[in-house]
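Report on the structure given below.
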Amino acid sequence: MSASFLFRRLVYGLILMLGVVVLNFLLIRLAPGDPAMVIAGEMGGGDQALLDAIRTQYGLDRPLLTQLGIYLGNVLRGDLGQSYFFNQPVATLIGNRIGPTILLVLSAQVLSILLGVFLGVIAARKPNGALSGFVSVVATVGYAVPVFWTGIMLIILFASVFPIFPVEGMQSVRLRGAGFWVKAVDIAHHLVLPAFTLALIYLAQYARLSRASMLEVLGSDYIRTARAKGASERAVLFKHALRNASLPILTVAGLQFGNLISGALLVETVFNWPGMGRLAFESILRRDYPTILGVLFFASAMVVVANLLTDLSYRLADPRLRGKT
Amino acid sequence: MKLITRFMGTAVFATAALFTALPSAPVHAEGGTLVIVGSQVPRHLNGAVQSGIATAVPSTQIFASPLRYDADWTPQPYLAESWEMAEDGLSLTLNLVQNATFHDGEPVTSADVAFSIMTIKENHPFQSMFAPVEGVDTPDEHTAVIRLSQPHPALLLALSPALAPILPKHIFDDGQDVKAHSANAMPIGSGPFKVTEFTPGEAIILQKNPDFFLEGRPKLDEIIIRIIQDPSAMVIAMENGEADMYPFLAGSQDVRRLERVDSLTITNEGYAGIGPINWLAFNTASPKLSDVRVRQAIAYAIDRDFITNALHRGVSTQQRGPIIESSPFFDETVEPFNVDLDKARALMAEAGVTDGLELTVDYIPGPAEQQRTVAEYLRSQLEQIGINVSVRAAPDFPTWAGRVGGHDFELSMDNVFNWGDPVIGVHRTYLTDNIRQGVIWSNTQSYSNARVDEILAAAAVELDEAKRKELYSEFQQIVVGEVPVYFINATPYHTAYDSRMVNPPLGIWGPMHPMDMIEMPRGD
């Protein structure tokens, strides 16, 4: 893997992010609604002088292109601006929220890949068997059901009817003073329902994909050869077949990362998970432009990084690609 | 298959083992912790420059104010141990307690009171609260004299914790714009609790102020305010004991559901001060609605009983006029419009509307039951008198506020607060000089009546309560009759709380009042 490949990918990523920032800036301004009105409304009304003062304070009285120029200049200096609503640096607000989002998205990613691939492999062993049919049905349903509906159903079932899991949030407020491990277990407890909800849709995709991929690989000559050599079924499945079937899974995993982040917006809202998705949702309703732009900036950065890592892992998994740029 | 069974078994076992390790009983600190849930997100915690319940609940714990109020609308000493209104009504002397300190140890003095009142006058959106204040004199460290340009009967109520937090001058008087001051997020006050953590949009942690100037208070060690956007999640949190108090609960299903929980008490007490009214506003500047007979016809066509009993499942109470019925200024003799479709049709004919009328109704985004559901009911109900109503949804608050504030509407459902005294929260809707383009919750109805302006001007300076009541009585009769607004119901705010709670916040300001007397049982 050459340094020039890495460099080129990074430059592409930066150009992409710059484009994303400009596009987001313009798209958000096209939405109806005035942030000054929101702030004045939140303050209980106010008068024209207050509205004017708010617009001046946040530079909303300047031409749009001037605002864009100022914003781009600030972003290049690493300043994402101040939230109109909270009057705090956007970077601080995102800093508070990015950890929970990464935890949720990575947990869902790992859960969906592990469970999905596992189910796909199992189903591929006997493609016409009952288990394979069951996995296909689960995969189809999981893919078709809207993520917010799954979340609400899980809350009703596991937080209300059978109160096994907490209904919302990331931590129990009453355990704030507890030790590290109690807190860690508490967070894991809160993570189960949202992570599973977010994982379900992608789990289904991985199950279908790995089943198809495994079926193709299992029909290959080298698998027949491995079996003829007396390799155990487990070794055939997981050592010979799965590694070769994993390339499309890896590709999809990278591409899915962006979808996972957008899915997190809904899941975080349903479960009151204190992440960036919820911050984005609430900021859109408040027309808090700097915060929305900041969240989108970070989300695109995460997608660019995930795609880069996918490219790298793809090359690690497939030696044929290593020499290519 | 064996593999799956083994995997599932391991997963179930691991999950069970993991979560049985969690402490099952909540850990209560000495003195008790009160967990409050709410859906509104405060921008910051400084109630001197920000109105609204989201800020007021924490702000009234952090800041003390000159006075506080009991459940009978009687002012009680707080930072001011006594007070005296001059005979001519042009000054109010506050004698401050001598032992009050801010959370950083600095003493509370008359200079802080003077600074705070002038800051509120200049920055708070409720301009009428301190509009007549000319200045605050400080003859000594513990005496503040508020000078007025005219008598101001709402002044004492405006000195309540929710409206007049006393700020530390040594922190806020540093040249920064107070509305955007860096100390607003974690402010220092002299109230019963100190803010120790504020995660925007998530939680506010308030710890007991051990040096609070009222001896033996606060009783609680800690208050945690959790912000949860979904009302259903708050209901489940109350059912599961994850939260102790859910104020501003308004959904009828949620109220009925929590009423069935044995360990909880549900009450609608504590909202007389805020005085929330759900109403249908008319844009009287619209040619379709400028004729009072058309507005009256609409009022006669609406069945208030149906709205409160069927749509709101009986949890809300009817509201007949512009002043909340729990206020001492409410006029019991106000005659509401009782549904009478024949009379409504006759009024439409009298107004010359014979070919029907097309109207659009907006509604403030929020709980559907109070707003959208009623707007949709209007569509079917007004059809019976020949009015074809289109319901126009707004995707969010800014869109709705832009339409109504910009007078770009015909009818709109709205939820507006009285804020204690009519001067503060009622006058703004009806005064001719408060018809202001682009300002939400001003006189967006463009209603103008010279006699109403005269009455409100007189009531704003009348110190004799009986005379004020008379003035407001006439005002209510006129406004109800001329229908710039059709009053539907008092927003059914309820507080759900753990029945073991001692001294729940049920005064006129409810949870927007210092919670220094609340006790929570320990070890529960």
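Every chain in the structure tokens has a letter given in the order shown (A, B, ...), and although residue numbers restart at 1 in each chain, ligands are simply numbered from 1 in the order shown.
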Can you build me a table of chain A residues sitting at most 9 Å from chain B, with the closest atom pair per residue and its distance in Å to one decimal, using only C-alpha atoms, sorted by chain and residue number, as a Markdown table?
| residue | atom | partner | partner_atom | distance |
| --- | --- | --- | --- | --- |
| A:Pro32 | CA | B:Thr399 | CA | 6.6 |
| A:Gly33 | CA | B:Thr399 | CA | 5.0 |
| A:Asp34 | CA | B:Pro398 | CA | 6.2 |
| A:Pro35 | CA | B:Pro398 | CA | 7.2 |
| A:Ala36 | CA | B:Pro398 | CA | 8.9 |
| A:Met37 | CA | B:Pro398 | CA | 6.3 |
| A:Val38 | CA | B:Pro398 | CA | 5.4 |
| A:Ile39 | CA | B:Arg43 | CA | 8.9 |
| A:Ala40 | CA | B:Pro125 | CA | 8.1 |
| A:Gly41 | CA | B:Ile440 | CA | 6.7 |
| A:Glu42 | CA | B:Gly52 | CA | 6.9 |
| A:Met43 | CA | B:Gln50 | CA | 4.9 |
| A:Gly44 | CA | B:Ser51 | CA | 5.4 |
| A:Gly45 | CA | B:Ile440 | CA | 5.4 |
| A:Gly46 | CA | B:Pro125 | CA | 4.7 |
| A:Asp47 | CA | B:Val439 | CA | 5.5 |
| A:Gln48 | CA | B:Val439 | CA | 6.6 |
| A:Leu50 | CA | B:Pro125 | CA | 8.5 |
| A:Leu51 | CA | B:Val439 | CA | 8.3 |
| A:Phe85 | CA | B:Arg43 | CA | 5.9 |
| A:Phe86 | CA | B:Arg43 | CA | 4.8 |
| A:Asn87 | CA | B:Ala180 | CA | 6.6 |
| A:Gln88 | CA | B:Ser182 | CA | 8.3 |
| A:Leu93 | CA | B:Pro200 | CA | 7.6 |
| A:Asn96 | CA | B:Thr199 | CA | 8.0 |
| A:Leu119 | CA | B:Ile4 | CA | 8.8 |
| A:Ile122 | CA | B:Met1 | CA | 8.4 |
| A:Leu131 | CA | B:Met1 | CA | 8.4 |
| A:Ile155 | CA | B:Ala233 | CA | 8.7 |
| A:Ala159 | CA | B:Ile236 | CA | 7.8 |
| A:Ser160 | CA | B:Ile236 | CA | 6.5 |
| A:Pro163 | CA | B:Asn240 | CA | 7.8 |
| A:Ile164 | CA | B:Phe19 | CA | 8.7 |
| A:Phe165 | CA | B:Phe19 | CA | 9.0 |
| A:Pro166 | CA | B:Ala237 | CA | 8.3 |
| A:Val167 | CA | B:Ala233 | CA | 6.2 |
| A:Glu168 | CA | B:Ala233 | CA | 6.7 |
| A:Gly169 | CA | B:Ile228 | CA | 8.2 |
| A:Ser172 | CA | B:Glu242 | CA | 7.9 |
| A:Val173 | CA | B:Ile224 | CA | 7.5 |
| A:Arg174 | CA | B:Pro26 | CA | 5.9 |
| A:Leu175 | CA | B:Val27 | CA | 6.9 |
| A:Gly177 | CA | B:Val27 | CA | 8.9 |
| A:Val182 | CA | B:Leu22 | CA | 6.6 |
| A:Lys183 | CA | B:Leu22 | CA | 8.9 |
| A:Val185 | CA | B:Leu18 | CA | 6.9 |
| A:Asp186 | CA | B:Leu22 | CA | 6.8 |
| A:Ala188 | CA | B:Leu18 | CA | 8.8 |
| A:His189 | CA | B:Phe19 | CA | 6.6 |
| A:Thr269 | CA | B:Gln229 | CA | 7.9 |
| A:Val270 | CA | B:Asp230 | CA | 7.6 |
| A:Phe271 | CA | B:Ala233 | CA | 8.3 |
| A:Asn272 | CA | B:Ile228 | CA | 6.3 |
| A:Pro274 | CA | B:Glu202 | CA | 6.9 |
| A:Leu279 | CA | B:Gly201 | CA | 8.1 |
| A:Glu282 | CA | B:Gly201 | CA | 8.9 |
| A:Leu285 | CA | B:Asp396 | CA | 5.9 |
| A:Arg286 | CA | B:Pro398 | CA | 7.2 |
| A:Arg287 | CA | B:Pro398 | CA | 7.7 |
For stretch 159-164 of chain B, please output as an MDAnalysis selection string all residues within 8 Å (counting only C-alpha atoms; exclusion window: fewer than 2 positions along the same chain).
-> chainID B and resid 47:48 51 56:57 59:60 63:69 116:117 120 155:157 166 509 512:514
For B:Met245, find every residue with an atom within 7 Å (counting only C-alpha atoms), except residues of its own chain fewer than 2 positions away, and show them as a compact mmCIF listing (two decimals) with C-alpha atoms, in the first residue's frame.
# COMPACT_ATOMS: atom_id res chain seq x y z
CA VAL B 35 -35.28 13.59 40.18
CA ILE B 36 -37.48 15.81 38.03
CA VAL B 37 -38.26 15.06 34.40
CA ALA B 243 -38.07 9.86 38.36
CA PRO B 247 -44.38 18.76 36.31
CA ALA B 496 -47.19 13.87 39.09
CA TYR B 497 -45.04 13.18 42.13
CA ASP B 498 -43.99 10.41 44.46
Which value, in Å to one decimal, gives the distance between atom CA of B:Ser473 and atom CA of B:Thr432?
->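 According to the coordinates, atom CA of B:Ser473 and atom CA of B:Thr432 are separated by 19.0 Å.
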Contacts of A:Val117 within 6 Å, only C-alpha atoms, excl. fewer than 6 positions in-chain, as a PyMOL selection string | chain A and resi 206-207+210
Write down as a ChimeraX atom specification the residues belonging to stretch 51-272 of chain A that are assigned helix (DSSP H, G or I) by DSSP computed on the backbone.
-> /A:51-57,64-76,90-125,130-144,147-161,173-175,180-218,221-228,233-271
Need the shell around stretch 297-307 of chain B: protein/DNA/RNA residues with any atom at most 9 Å away, counting only C-alpha atoms. Skip same-chain ones fewer than 5 positions apart. Format as a compact mmCIF listing (two decimals) with C-alpha atoms, in the first residue's frame?
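Produced file selection.txt, reproduced below:
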# COMPACT_ATOMS: atom_id res chain seq x y z
CA VAL B 292 -67.41 40.90 14.98
CA HIS B 312 -59.29 16.23 26.43
CA ARG B 313 -60.94 13.28 28.24
CA GLY B 314 -62.07 15.53 31.07
CA SER B 316 -58.85 20.17 31.24
CA GLN B 318 -63.07 25.34 30.60
CA GLN B 319 -61.83 28.89 30.34
CA PHE B 337 -70.62 31.52 24.25
CA ASN B 338 -72.59 28.31 24.60
CA VAL B 339 -72.92 26.28 21.44
CA ASP B 340 -75.94 27.42 19.40
CA LEU B 341 -75.69 26.62 15.70
CA ASP B 342 -78.93 28.42 14.74
CA LYS B 343 -77.70 31.61 16.34
CA ALA B 344 -74.34 31.15 14.62
CA ARG B 345 -76.00 30.77 11.19
CA ALA B 346 -78.18 33.82 11.88
CA LEU B 347 -75.11 35.90 12.75
CA MET B 348 -73.39 34.77 9.56
CA VAL B 374 -58.86 20.99 18.36
CA TYR B 377 -62.33 19.45 15.27
CA LEU B 378 -62.96 23.04 14.12
CA GLN B 381 -67.68 21.80 13.42
CA LEU B 382 -67.52 25.05 11.45
CA GLN B 384 -72.06 23.19 9.88
CA ILE B 385 -72.32 26.97 9.64
CA ILE B 387 -67.31 27.76 6.94
CA VAL B 483 -63.98 37.78 20.38
CA TYR B 486 -62.06 32.54 21.66
CA PHE B 487 -61.07 31.13 25.04
CA ILE B 488 -61.27 27.35 25.22
CA ASN B 489 -59.62 25.86 28.27
